[in-house]
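Undergrad: Contents of protein.pdb (PDB, C-alpha atoms) are given next:
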```
ATOM      1  CA  MET A   1      -8.932  37.499 -36.847
ATOM      2  CA  THR A   2      -6.669  39.999 -35.140
ATOM      3  CA  GLU A   3      -4.008  39.153 -32.583
ATOM      4  CA  THR A   4      -6.160  40.746 -29.878
ATOM      5  CA  GLU A   5      -9.149  38.608 -30.860
ATOM      6  CA  PHE A   6      -7.015  35.475 -30.861
ATOM      7  CA  ASP A   7      -5.666  36.302 -27.393
ATOM      8  CA  PHE A   8      -9.214  36.824 -26.162
ATOM      9  CA  LEU A   9     -10.280  33.421 -27.512
ATOM     10  CA  ARG A  10      -7.269  31.703 -25.946
ATOM     11  CA  LEU A  11      -8.119  33.131 -22.529
ATOM     12  CA  TYR A  12     -11.839  32.475 -23.015
ATOM     13  CA  LEU A  13     -11.280  28.798 -23.848
ATOM     14  CA  LYS A  14      -8.781  28.271 -21.030
ATOM     15  CA  GLN A  15     -11.137  29.709 -18.440
ATOM     16  CA  ARG A  16     -14.106  27.645 -19.612
ATOM     17  CA  SER A  17     -12.589  24.343 -20.686
ATOM     18  CA  GLY A  18      -8.981  24.267 -19.504
ATOM     19  CA  LEU A  19      -7.787  24.135 -23.111
ATOM     20  CA  ALA A  20      -4.337  25.735 -23.312
ATOM     21  CA  LEU A  21      -3.748  26.943 -26.863
ATOM     22  CA  THR A  22      -0.269  27.953 -27.990
ATOM     23  CA  ALA A  23       0.288  30.764 -30.472
ATOM     24  CA  GLU A  24       0.841  28.342 -33.349
ATOM     25  CA  LYS A  25      -2.683  26.938 -32.890
ATOM     26  CA  ARG A  26      -4.289  30.000 -34.437
ATOM     27  CA  TYR A  27      -5.099  28.017 -37.578
ATOM     28  CA  LEU A  28      -7.001  25.498 -35.435
ATOM     29  CA  VAL A  29      -9.159  28.215 -33.896
ATOM     30  CA  GLU A  30      -9.982  29.624 -37.307
ATOM     31  CA  SER A  31     -10.799  26.239 -38.866
ATOM     32  CA  ARG A  32     -12.982  25.034 -36.005
ATOM     33  CA  LEU A  33     -14.820  28.256 -35.242
ATOM     34  CA  SER A  34     -15.623  29.259 -38.830
ATOM     35  CA  PRO A  35     -18.415  26.616 -38.971
ATOM     36  CA  VAL A  36     -19.792  28.057 -35.712
ATOM     37  CA  CYS A  37     -20.001  31.452 -37.386
ATOM     38  CA  ARG A  38     -21.930  29.963 -40.298
ATOM     39  CA  ARG A  39     -24.215  28.029 -37.940
ATOM     40  CA  PHE A  40     -25.253  31.218 -36.120
ATOM     41  CA  ASN A  41     -25.246  33.469 -39.211
ATOM     42  CA  LEU A  42     -22.320  35.554 -38.000
ATOM     43  CA  ALA A  43     -20.220  37.500 -40.482
ATOM     44  CA  GLY A  44     -16.964  36.078 -39.156
ATOM     45  CA  LEU A  45     -14.734  35.574 -36.150
ATOM     46  CA  THR A  46     -14.734  39.273 -35.294
ATOM     47  CA  GLU A  47     -18.497  39.220 -34.805
ATOM     48  CA  LEU A  48     -18.224  35.912 -32.922
ATOM     49  CA  VAL A  49     -15.705  37.405 -30.498
ATOM     50  CA  GLY A  50     -18.034  40.378 -30.058
ATOM     51  CA  CYS A  51     -20.846  38.024 -29.031
ATOM     52  CA  LEU A  52     -18.595  36.264 -26.553
ATOM     53  CA  ARG A  53     -17.410  39.539 -25.033
ATOM     54  CA  VAL A  54     -20.955  40.597 -24.126
ATOM     55  CA  ALA A  55     -22.083  37.026 -23.298
ATOM     56  CA  ARG A  56     -25.344  37.600 -25.109
ATOM     57  CA  ASP A  57     -26.026  34.046 -26.291
ATOM     58  CA  GLY A  58     -25.406  30.926 -24.188
ATOM     59  CA  ALA A  59     -25.893  28.682 -27.221
ATOM     60  CA  ILE A  60     -23.027  30.407 -29.050
ATOM     61  CA  GLU A  61     -20.817  30.160 -25.967
ATOM     62  CA  ARG A  62     -21.443  26.413 -25.671
ATOM     63  CA  ALA A  63     -20.903  25.890 -29.392
ATOM     64  CA  VAL A  64     -17.516  27.635 -29.258
ATOM     65  CA  VAL A  65     -16.255  25.514 -26.372
ATOM     66  CA  GLU A  66     -17.573  22.277 -27.853
ATOM     67  CA  ALA A  67     -16.126  23.063 -31.291
ATOM     68  CA  MET A  68     -12.667  23.402 -29.773
ATOM     69  CA  THR A  69     -12.929  20.239 -27.711
ATOM     70  CA  THR A  70     -11.236  17.166 -29.166
ATOM     71  CA  ASN A  71     -13.582  14.159 -29.150
ATOM     72  CA  GLU A  72     -11.315  11.538 -30.683
ATOM     73  CA  THR A  73     -12.124   8.120 -29.235
ATOM     74  CA  PHE A  74     -12.773   4.523 -30.207
ATOM     75  CA  PHE A  75     -13.639   1.194 -28.624
ATOM     76  CA  PHE A  76     -10.901  -0.370 -26.452
ATOM     77  CA  ARG A  77      -8.595   2.525 -27.299
ATOM     78  CA  ASP A  78      -4.932   1.677 -26.604
ATOM     79  CA  ARG A  79      -6.102  -1.731 -25.346
ATOM     80  CA  THR A  80      -3.762  -1.841 -22.293
ATOM     81  CA  PRO A  81      -6.091   0.120 -19.958
ATOM     82  CA  PHE A  82      -8.846  -2.395 -20.681
ATOM     83  CA  ASP A  83      -6.541  -5.390 -20.263
ATOM     84  CA  LEU A  84      -5.572  -3.916 -16.881
ATOM     85  CA  PHE A  85      -9.226  -3.616 -15.942
ATOM     86  CA  ARG A  86     -10.025  -7.196 -16.963
ATOM     87  CA  ASP A  87      -6.860  -8.863 -15.644
ATOM     88  CA  VAL A  88      -5.849  -6.726 -12.646
ATOM     89  CA  LEU A  89      -8.442  -4.286 -11.355
ATOM     90  CA  LEU A  90     -11.586  -6.382 -11.691
ATOM     91  CA  PRO A  91     -10.114  -9.529 -10.074
ATOM     92  CA  GLY A  92      -8.733  -7.327  -7.304
ATOM     93  CA  ALA A  93     -12.126  -5.757  -6.789
ATOM     94  CA  LEU A  94     -13.851  -9.136  -6.674
ATOM     95  CA  ALA A  95     -11.616 -10.070  -3.767
ATOM     96  CA  ALA A  96     -11.448  -6.718  -1.979
ATOM     97  CA  ARG A  97     -15.136  -5.784  -2.350
ATOM     98  CA  ALA A  98     -16.523  -9.266  -1.632
ATOM     99  CA  THR A  99     -18.374  -7.994   1.422
ATOM    100  CA  GLN A 100     -19.657  -4.728  -0.032
ATOM    101  CA  ARG A 101     -20.339  -6.256  -3.460
ATOM    102  CA  ARG A 102     -20.221  -2.831  -5.001
ATOM    103  CA  LEU A 103     -17.970  -1.189  -7.602
ATOM    104  CA  ARG A 104     -18.054   2.415  -8.850
ATOM    105  CA  ILE A 105     -16.272   3.478 -12.039
ATOM    106  CA  TRP A 106     -15.916   6.980 -13.490
ATOM    107  CA  CYS A 107     -15.018   7.674 -17.119
ATOM    108  CA  ALA A 108     -14.073  11.358 -17.317
ATOM    109  CA  ALA A 109     -14.099  13.029 -20.755
ATOM    110  CA  ALA A 110     -16.047  10.057 -22.108
ATOM    111  CA  SER A 111     -16.836  11.703 -25.456
ATOM    112  CA  THR A 112     -19.236   9.621 -27.594
ATOM    113  CA  GLY A 113     -19.247   6.691 -25.190
ATOM    114  CA  GLN A 114     -16.854   4.128 -26.610
ATOM    115  CA  GLU A 115     -14.731   3.984 -23.438
ATOM    116  CA  PRO A 116     -17.530   3.358 -20.910
ATOM    117  CA  TYR A 117     -19.259   0.965 -23.302
ATOM    118  CA  SER A 118     -16.000  -0.958 -23.689
ATOM    119  CA  LEU A 119     -15.912  -1.357 -19.906
ATOM    120  CA  ALA A 120     -19.582  -2.335 -19.909
ATOM    121  CA  MET A 121     -18.839  -5.117 -22.393
ATOM    122  CA  LEU A 122     -16.021  -6.433 -20.194
ATOM    123  CA  LEU A 123     -18.317  -6.358 -17.177
ATOM    124  CA  ALA A 124     -21.051  -8.131 -19.116
ATOM    125  CA  GLU A 125     -18.555 -10.839 -20.045
ATOM    126  CA  ALA A 126     -17.733 -11.183 -16.331
ATOM    127  CA  ALA A 127     -21.375 -11.125 -15.206
ATOM    128  CA  PRO A 128     -21.415 -14.669 -13.750
ATOM    129  CA  ARG A 129     -18.639 -13.689 -11.321
ATOM    130  CA  LEU A 130     -20.446 -10.466 -10.420
ATOM    131  CA  ALA A 131     -23.862 -11.971  -9.676
ATOM    132  CA  GLY A 132     -25.540  -9.896  -6.991
ATOM    133  CA  TRP A 133     -23.074  -7.035  -7.255
ATOM    134  CA  ARG A 134     -24.038  -3.400  -7.767
ATOM    135  CA  VAL A 135     -21.843  -1.869 -10.440
ATOM    136  CA  GLU A 136     -22.057   1.815 -11.344
ATOM    137  CA  ILE A 137     -20.456   3.412 -14.387
ATOM    138  CA  VAL A 138     -20.621   7.205 -14.528
ATOM    139  CA  ALA A 139     -19.470   8.788 -17.787
ATOM    140  CA  THR A 140     -19.014  12.554 -18.054
ATOM    141  CA  ASP A 141     -18.043  15.034 -20.732
ATOM    142  CA  LEU A 142     -18.014  18.765 -21.266
ATOM    143  CA  SER A 143     -19.928  18.472 -24.542
ATOM    144  CA  THR A 144     -23.657  17.852 -24.344
ATOM    145  CA  GLU A 145     -23.656  17.085 -28.074
ATOM    146  CA  VAL A 146     -21.350  14.080 -27.782
ATOM    147  CA  LEU A 147     -23.199  12.892 -24.675
ATOM    148  CA  GLU A 148     -26.452  12.752 -26.624
ATOM    149  CA  LYS A 149     -24.761  10.582 -29.234
ATOM    150  CA  ALA A 150     -23.315   8.391 -26.474
ATOM    151  CA  LYS A 151     -26.737   7.880 -24.907
ATOM    152  CA  LEU A 152     -28.120   6.697 -28.257
ATOM    153  CA  GLY A 153     -25.367   4.099 -28.533
ATOM    154  CA  LEU A 154     -25.569   4.295 -32.315
ATOM    155  CA  TYR A 155     -22.340   4.046 -34.330
ATOM    156  CA  ASN A 156     -21.426   3.888 -37.998
ATOM    157  CA  GLN A 157     -19.432   1.121 -39.643
ATOM    158  CA  PHE A 158     -16.143   2.988 -39.313
ATOM    159  CA  GLU A 159     -16.686   3.566 -35.588
ATOM    160  CA  VAL A 160     -17.474  -0.065 -34.762
ATOM    161  CA  GLN A 161     -14.504  -1.265 -36.773
ATOM    162  CA  ARG A 162     -12.071   0.863 -34.733
ATOM    163  CA  GLY A 163     -10.825  -1.372 -31.947
ATOM    164  CA  LEU A 164     -13.984  -3.429 -31.442
ATOM    165  CA  PRO A 165     -13.404  -7.204 -31.772
ATOM    166  CA  VAL A 166     -15.840  -8.663 -34.273
ATOM    167  CA  GLN A 167     -17.118 -11.240 -31.777
ATOM    168  CA  LEU A 168     -18.117  -8.464 -29.360
ATOM    169  CA  MET A 169     -19.731  -6.473 -32.149
ATOM    170  CA  LEU A 170     -21.880  -9.444 -33.175
ATOM    171  CA  LYS A 171     -22.728 -10.230 -29.552
ATOM    172  CA  HIS A 172     -23.553  -6.755 -28.267
ATOM    173  CA  PHE A 173     -24.646  -4.752 -31.338
ATOM    174  CA  THR A 174     -27.603  -4.849 -33.685
ATOM    175  CA  GLN A 175     -27.411  -3.457 -37.202
ATOM    176  CA  VAL A 176     -29.842  -0.608 -37.884
ATOM    177  CA  GLY A 177     -29.652   0.319 -41.544
ATOM    178  CA  GLU A 178     -26.042   1.331 -42.142
ATOM    179  CA  GLN A 179     -25.380   1.825 -38.437
ATOM    180  CA  TRP A 180     -24.905  -0.359 -35.371
ATOM    181  CA  ARG A 181     -26.706   0.097 -32.045
ATOM    182  CA  ILE A 182     -25.245  -1.224 -28.824
ATOM    183  CA  ALA A 183     -27.558  -3.456 -26.772
ATOM    184  CA  GLU A 184     -30.094  -1.784 -24.501
ATOM    185  CA  SER A 185     -28.746  -3.736 -21.536
ATOM    186  CA  LEU A 186     -25.314  -2.146 -22.039
ATOM    187  CA  ARG A 187     -26.760   1.339 -22.538
ATOM    188  CA  GLN A 188     -28.491   1.024 -19.190
ATOM    189  CA  MET A 189     -25.171   0.242 -17.507
ATOM    190  CA  VAL A 190     -23.830   3.744 -18.128
ATOM    191  CA  ASP A 191     -25.032   6.997 -16.603
ATOM    192  CA  PHE A 192     -23.979   9.856 -18.895
ATOM    193  CA  ARG A 193     -23.736  13.294 -17.279
ATOM    194  CA  PRO A 194     -22.491  16.690 -18.476
ATOM    195  CA  LEU A 195     -19.453  17.832 -16.495
ATOM    196  CA  ASN A 196     -16.684  20.375 -16.917
ATOM    197  CA  LEU A 197     -13.545  19.101 -15.177
ATOM    198  CA  LEU A 198     -12.673  22.691 -14.240
ATOM    199  CA  GLN A 199     -15.780  22.852 -12.061
ATOM    200  CA  PRO A 200     -16.417  21.055  -8.744
ATOM    201  CA  PHE A 201     -17.356  17.380  -9.061
ATOM    202  CA  GLU A 202     -17.719  16.357  -5.421
ATOM    203  CA  GLN A 203     -21.370  15.587  -6.142
ATOM    204  CA  LEU A 204     -20.305  12.530  -8.141
ATOM    205  CA  GLY A 205     -19.300  10.718  -4.943
ATOM    206  CA  THR A 206     -16.389   8.352  -4.369
ATOM    207  CA  PHE A 207     -15.055   6.000  -7.039
ATOM    208  CA  ASP A 208     -13.024   2.806  -6.964
ATOM    209  CA  ILE A 209     -11.658   3.204 -10.504
ATOM    210  CA  VAL A 210     -11.285   6.395 -12.556
ATOM    211  CA  TYR A 211     -10.487   6.595 -16.258
ATOM    212  CA  CYS A 212      -9.266  10.083 -17.183
ATOM    213  CA  ARG A 213      -7.451   9.467 -20.423
ATOM    214  CA  ASN A 214      -6.169  11.774 -23.146
ATOM    215  CA  VAL A 215      -7.696  14.961 -21.763
ATOM    216  CA  LEU A 216      -5.021  16.313 -19.415
ATOM    217  CA  ILE A 217      -2.662  16.715 -22.381
ATOM    218  CA  TYR A 218      -4.710  19.776 -23.390
ATOM    219  CA  PHE A 219      -4.286  21.491 -19.999
ATOM    220  CA  ASP A 220      -1.396  23.515 -18.623
ATOM    221  CA  THR A 221       0.530  22.164 -15.627
ATOM    222  CA  VAL A 222      -1.367  24.176 -13.015
ATOM    223  CA  THR A 223      -4.730  22.974 -14.350
ATOM    224  CA  LYS A 224      -3.505  19.378 -14.582
ATOM    225  CA  ALA A 225      -2.378  19.480 -10.946
ATOM    226  CA  ASP A 226      -5.713  20.879  -9.799
ATOM    227  CA  VAL A 227      -7.788  18.299 -11.705
ATOM    228  CA  LEU A 228      -5.621  15.384 -10.522
ATOM    229  CA  ARG A 229      -5.776  16.545  -6.908
ATOM    230  CA  ARG A 230      -9.557  16.750  -7.032
ATOM    231  CA  ILE A 231      -9.792  13.333  -8.720
ATOM    232  CA  ALA A 232      -7.697  11.936  -5.870
ATOM    233  CA  ASP A 233     -10.161  13.501  -3.449
ATOM    234  CA  GLN A 234     -12.967  11.496  -5.099
ATOM    235  CA  LEU A 235     -10.955   8.268  -5.183
ATOM    236  CA  ALA A 236     -11.416   5.509  -2.620
ATOM    237  CA  PRO A 237      -8.269   5.233  -0.462
ATOM    238  CA  ASP A 238      -7.327   2.035  -2.277
ATOM    239  CA  GLY A 239      -8.631   3.092  -5.668
ATOM    240  CA  ALA A 240      -6.947   3.299  -9.075
ATOM    241  CA  VAL A 241      -6.680   5.975 -11.772
ATOM    242  CA  LEU A 242      -5.838   5.273 -15.412
ATOM    243  CA  LEU A 243      -4.390   8.050 -17.557
ATOM    244  CA  GLY A 244      -3.501   8.194 -21.238
ATOM    245  CA  ALA A 245      -0.251   6.787 -22.590
ATOM    246  CA  ALA A 246       1.250  10.286 -22.940
ATOM    247  CA  GLU A 247       0.090  11.452 -19.502
ATOM    248  CA  THR A 248       1.676  11.167 -16.063
ATOM    249  CA  VAL A 249       1.383  12.499 -12.527
ATOM    250  CA  ILE A 250       5.150  12.688 -12.060
ATOM    251  CA  GLY A 251       6.262  16.245 -11.436
ATOM    252  CA  ILE A 252       2.645  17.435 -11.415
ATOM    253  CA  THR A 253       0.988  16.183  -8.229
ATOM    254  CA  GLU A 254       1.813  14.140  -5.153
ATOM    255  CA  ALA A 255      -1.823  13.155  -4.617
ATOM    256  CA  LEU A 256      -1.357  10.123  -6.870
ATOM    257  CA  THR A 257       1.593   7.795  -7.341
ATOM    258  CA  PRO A 258       2.498   5.470 -10.245
ATOM    259  CA  ASP A 259       1.853   1.767  -9.808
ATOM    260  CA  PRO A 260       5.333   0.227 -10.095
ATOM    261  CA  ASP A 261       4.076  -2.793 -12.037
ATOM    262  CA  HIS A 262       1.629  -1.281 -14.515
ATOM    263  CA  ARG A 263       2.290   1.657 -16.819
ATOM    264  CA  GLY A 264      -0.521   4.203 -16.967
ATOM    265  CA  LEU A 265      -1.993   3.018 -13.654
ATOM    266  CA  TYR A 266      -1.874   5.294 -10.615
ATOM    267  CA  ARG A 267      -2.796   4.817  -6.967
ATOM    268  CA  HIS A 268      -3.892   7.133  -4.214
ATOM    269  CA  ALA A 269      -0.750   8.428  -2.521
ATOM    270  CA  LYS A 270      -2.247   7.477   0.859
ATOM    271  CA  ALA A 271      -3.172   3.973  -0.262
ATOM    272  CA  GLY A 272      -0.514   1.567   0.898
ATOM    273  CA  ALA A 273      -2.275  -1.082  -1.202
ATOM    274  CA  SER A 274      -0.431  -3.980  -2.793
ATOM    275  CA  PRO A 275       0.672  -3.171  -6.359
ATOM    276  CA  GLY A 276      -1.788  -4.282  -9.002
ATOM    277  CA  VAL A 277      -4.563  -5.107  -6.541
ATOM    278  CA  VAL A 278      -7.501  -2.997  -5.431
ATOM    279  CA  ALA A 279      -7.587  -3.424  -1.678
ATOM    280  CA  HIS A 280     -10.550  -3.085   0.655
ATOM    281  CA  SER A 281     -12.194   0.309   1.017
ATOM    282  CA  ALA A 282     -14.051   1.125   4.186
ATOM    283  CA  VAL A 283     -16.213   3.865   2.707
ATOM    284  CA  THR A 284     -18.004   4.160  -0.634
ATOM    285  CA  GLN A 285     -20.531   6.954  -1.001
ATOM    286  CA  ALA A 286     -24.062   5.805  -1.750
ATOM    287  CA  VAL A 287     -25.930   7.505  -4.578
ATOM    288  CA  PRO A 288     -29.703   7.248  -5.183
ATOM    289  CA  VAL A 289     -30.650   4.837  -7.969
ATOM    290  CA  THR A 290     -32.924   6.104 -10.726
ATOM    291  CA  ALA A 291     -32.474   3.363 -13.304
ATOM    292  CA  ALA A 292     -31.206  -0.171 -13.156
ATOM    293  CA  ALA A 293     -30.724  -3.105 -15.499
ATOM    294  CA  ALA A 294     -30.215  -6.694 -14.427
ATOM    295  CA  VAL A 295     -27.796  -8.801 -16.457
ATOM    296  CA  SER A 296     -27.191 -12.359 -15.314
ATOM    297  CA  GLY A 297     -27.900 -11.404 -11.705
ATOM    298  CA  LEU A 298     -25.630  -8.350 -11.781
ATOM    299  CA  ARG A 299     -27.285  -5.098 -10.743
ATOM    300  CA  TRP A 300     -26.307  -2.133 -12.869
ATOM    301  CA  ALA A 301     -27.265   1.239 -11.456
ATOM    302  CA  ALA A 302     -27.400   4.545 -13.313
ATOM    303  CA  ARG A 303     -28.071   7.672 -11.357
TER     304      ARG A 303
END
```
Can you present the structure in this file as structure tokens?

TA:
Amino acid sequence: MTETEFDFLRLYLKQRSGLALTAEKRYLVESRLSPVCRRFNLAGLTELVGCLRVARDGAIERAVVEAMTTNETFFFRDRTPFDLFRDVLLPGALAARATQRRLRIWCAAASTGQEPYSLAMLLAEAAPRLAGWRVEIVATDLSTEVLEKAKLGLYNQFEVQRGLPVQLMLKHFTQVGEQWRIAESLRQMVDFRPLNLLQPFEQLGTFDIVYCRNVLIYFDTVTKADVLRRIADQLAPDGAVLLGAAETVIGITEALTPDPDHRGLYRHAKAGASPGVVAHSAVTQAVPVTAAAAVSGLRWAAR
């Protein structure tokens, strides 16, 4: 791969996925795109770049972007964001949304589904307190391949052992051969949709809680600021955003502000809500329901 070809791929990937590759990441491009060449019977990266230049094959274009996307995830990853949901955000929502009895959650860059399913398990555990509520979990990702895996809810032994407490595995999973399938009731809680964070996402509606973890680290500052601003636009005035442990809004955007009491938790800059509590929101956008599952009186809606 020539320097010109590498520069083309860097620009191509940034424009289509936001991925900002530094010069020293050339080895990563070569290692991840060589299998794409073999998959499409291309002689090498030079021929692959030629295909991308003329945009002759959408399947190749998607495969290139998805091959370069990092899909590292596991159940209850980093634990703290899920403890915050269980101990801070959910109790706050129960109080603040008592009249509306509705909660909308967005997991951006959800990969193979472990993050939204972790939230679904916490919500299932809290089902008696949420009887009669309508809870919506929307999970999005750039990669259609990982979304298909997420929809199946089928994981190998290594995947279920990473972060998943054994009591939750035995309660919510069924062994299928050498793999484990998450319960149908939990699969129905999550609506998986393809979405590129670089593209408009107003159609998703307004959310009370947004998880956008460990994806902004791959973007440059300008792209981070744009994505965070647009997430804030989709956030209820009193909503909450959770970022990854290595991510922050400080010095990037003024649309969100750190919660002074909880690391990794951010509030709408216009909120004025009490720290650590989701306050009342006057407006939550309604979205048509196409599938629903009832669990202990709790209405789960996937759109």

Undergrad: Restricting the calculation to all atoms listed in the file, which member of A:Asp226, A:Asp220, A:Glu115, A:Glu47 is positioned closest to Glu5 of chain A?

TA: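 Under the stated criterion, the closest residue is A:Glu47.
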
Undergrad: Measuring atom to atom with only C-alpha atoms, identify which of A:Val190, A:Val65, A:Leu164, A:Leu103 is nearest to Arg10 of chain A.

TA: A:Val65

Undergrad: Can you tell me how far atom CA of Glu24 of chain A sits from atom CA of Thr69 of chain A, in Å to one decimal?

TA: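 One can read the atom CA of Glu24 of chain A to atom CA of Thr69 of chain A distance as 16.9 Å.
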
Undergrad: For each of A:Phe173, A:Tyr211, A:Phe82, A:Trp180, take the minimum atom-to-atom distance to Val138 of chain A, counting all atoms listed in the file, then give the residue where this is smallest.

TA: A:Tyr211

Undergrad: Measuring atom to atom with only C-alpha atoms, identify which of A:Leu228, A:Met68, A:Met189, A:Leu154 is nearest to Thr174 of chain A.

TA: A:Leu154

Undergrad: Report as a list of chain:residue names the full result of the PyMOL selection byres ((chain A and resi 124) around 10) when it is applied to this structure.

TA: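 Selection result, ordered by chain and number: A:Ser118, A:Leu119, A:Ala120, A:Met121, A:Leu122, A:Leu123, A:Glu125, A:Ala126, A:Ala127, A:Pro128, A:Arg129, A:Leu130, A:His172, A:Ser185, A:Leu186, A:Met189, A:Val295, A:Ser296, A:Leu298.
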
Undergrad: To one decimal in Å, tell me the separation between atom CA of Ile231 of chain A and atom CA of Ile252 of chain A.

TA: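 So the two atoms, atom CA of Ile231 of chain A and atom CA of Ile252 of chain A, lie 13.4 Å apart.
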
Undergrad: If I take atom CA of Leu90 of chain A and atom CA of Asp208 of chain A, how far is one from the other in Å, to one decimal?

TA: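 A separation of 10.4 Å between them.
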
Undergrad: Quick one: residues within 8 Å of segment 221-225 of chain A, only C-alpha atoms counted, chain neighbours fewer than 3 positions away excluded, as JSON, numbers by chain?

TA: {"A": [18, 198, 216, 228, 229, 252, 253]}

Undergrad: Compare A:Pro200, A:Gly44, A:Pro116, A:Pro237 by their minimum atom-to-atom distance to Ala255 of chain A, counting all atoms listed in the file, and give me the closest one.

TA: A:Pro237

Undergrad: Using the partial input, fill out segment 196-215 of chain A with N, CA and C atoms; write the result as a short mmCIF file (atom, residue, chain, number, x, y, z; two decimals), in the coordinates of the input.

TA:
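Okay, this is what ended up in selection_23.cif:
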```
data_model
loop_
_atom_site.label_atom_id
_atom_site.label_comp_id
_atom_site.auth_asym_id
_atom_site.auth_seq_id
_atom_site.Cartn_x
_atom_site.Cartn_y
_atom_site.Cartn_z
N ASN A 196 -17.91 19.67 -16.58
CA ASN A 196 -16.68 20.38 -16.92
C ASN A 196 -15.67 20.08 -15.82
N LEU A 197 -14.54 19.49 -16.17
CA LEU A 197 -13.54 19.10 -15.18
C LEU A 197 -12.96 20.30 -14.43
N LEU A 198 -13.15 21.51 -14.94
CA LEU A 198 -12.67 22.69 -14.24
C LEU A 198 -13.59 23.06 -13.08
N GLN A 199 -14.80 22.54 -13.09
CA GLN A 199 -15.78 22.85 -12.06
C GLN A 199 -15.80 21.76 -11.00
N PRO A 200 -16.37 22.06 -9.82
CA PRO A 200 -16.42 21.06 -8.74
C PRO A 200 -17.14 19.79 -9.19
N PHE A 201 -16.66 18.63 -8.74
CA PHE A 201 -17.36 17.38 -9.06
C PHE A 201 -17.51 16.49 -7.83
N GLU A 202 -17.52 17.13 -6.65
CA GLU A 202 -17.72 16.36 -5.42
C GLU A 202 -19.05 15.62 -5.41
N GLN A 203 -20.04 16.19 -6.13
CA GLN A 203 -21.37 15.59 -6.14
C GLN A 203 -21.39 14.21 -6.78
N LEU A 204 -20.35 13.85 -7.50
CA LEU A 204 -20.30 12.53 -8.14
C LEU A 204 -20.09 11.41 -7.13
N GLY A 205 -19.56 11.75 -5.95
CA GLY A 205 -19.30 10.72 -4.94
C GLY A 205 -17.92 10.11 -5.09
N THR A 206 -17.69 9.02 -4.39
CA THR A 206 -16.39 8.35 -4.37
C THR A 206 -16.35 7.21 -5.38
N PHE A 207 -15.20 7.04 -6.03
CA PHE A 207 -15.06 6.00 -7.04
C PHE A 207 -13.92 5.05 -6.69
N ASP A 208 -14.07 3.81 -7.14
CA ASP A 208 -13.02 2.81 -6.96
C ASP A 208 -12.02 2.84 -8.11
N ILE A 209 -12.51 3.16 -9.31
CA ILE A 209 -11.66 3.20 -10.50
C ILE A 209 -12.04 4.44 -11.31
N VAL A 210 -11.04 5.20 -11.75
CA VAL A 210 -11.28 6.40 -12.56
C VAL A 210 -10.47 6.31 -13.84
N TYR A 211 -11.15 6.46 -14.97
CA TYR A 211 -10.49 6.60 -16.26
C TYR A 211 -10.52 8.08 -16.64
N CYS A 212 -9.36 8.69 -16.75
CA CYS A 212 -9.27 10.08 -17.18
C CYS A 212 -8.14 10.13 -18.22
N ARG A 213 -8.47 9.72 -19.42
CA ARG A 213 -7.45 9.47 -20.42
C ARG A 213 -7.51 10.46 -21.58
N ASN A 214 -6.33 10.95 -21.95
CA ASN A 214 -6.17 11.77 -23.15
C ASN A 214 -6.96 13.08 -23.09
N VAL A 215 -7.09 13.64 -21.90
CA VAL A 215 -7.70 14.96 -21.76
C VAL A 215 -6.74 15.93 -21.09
#
```
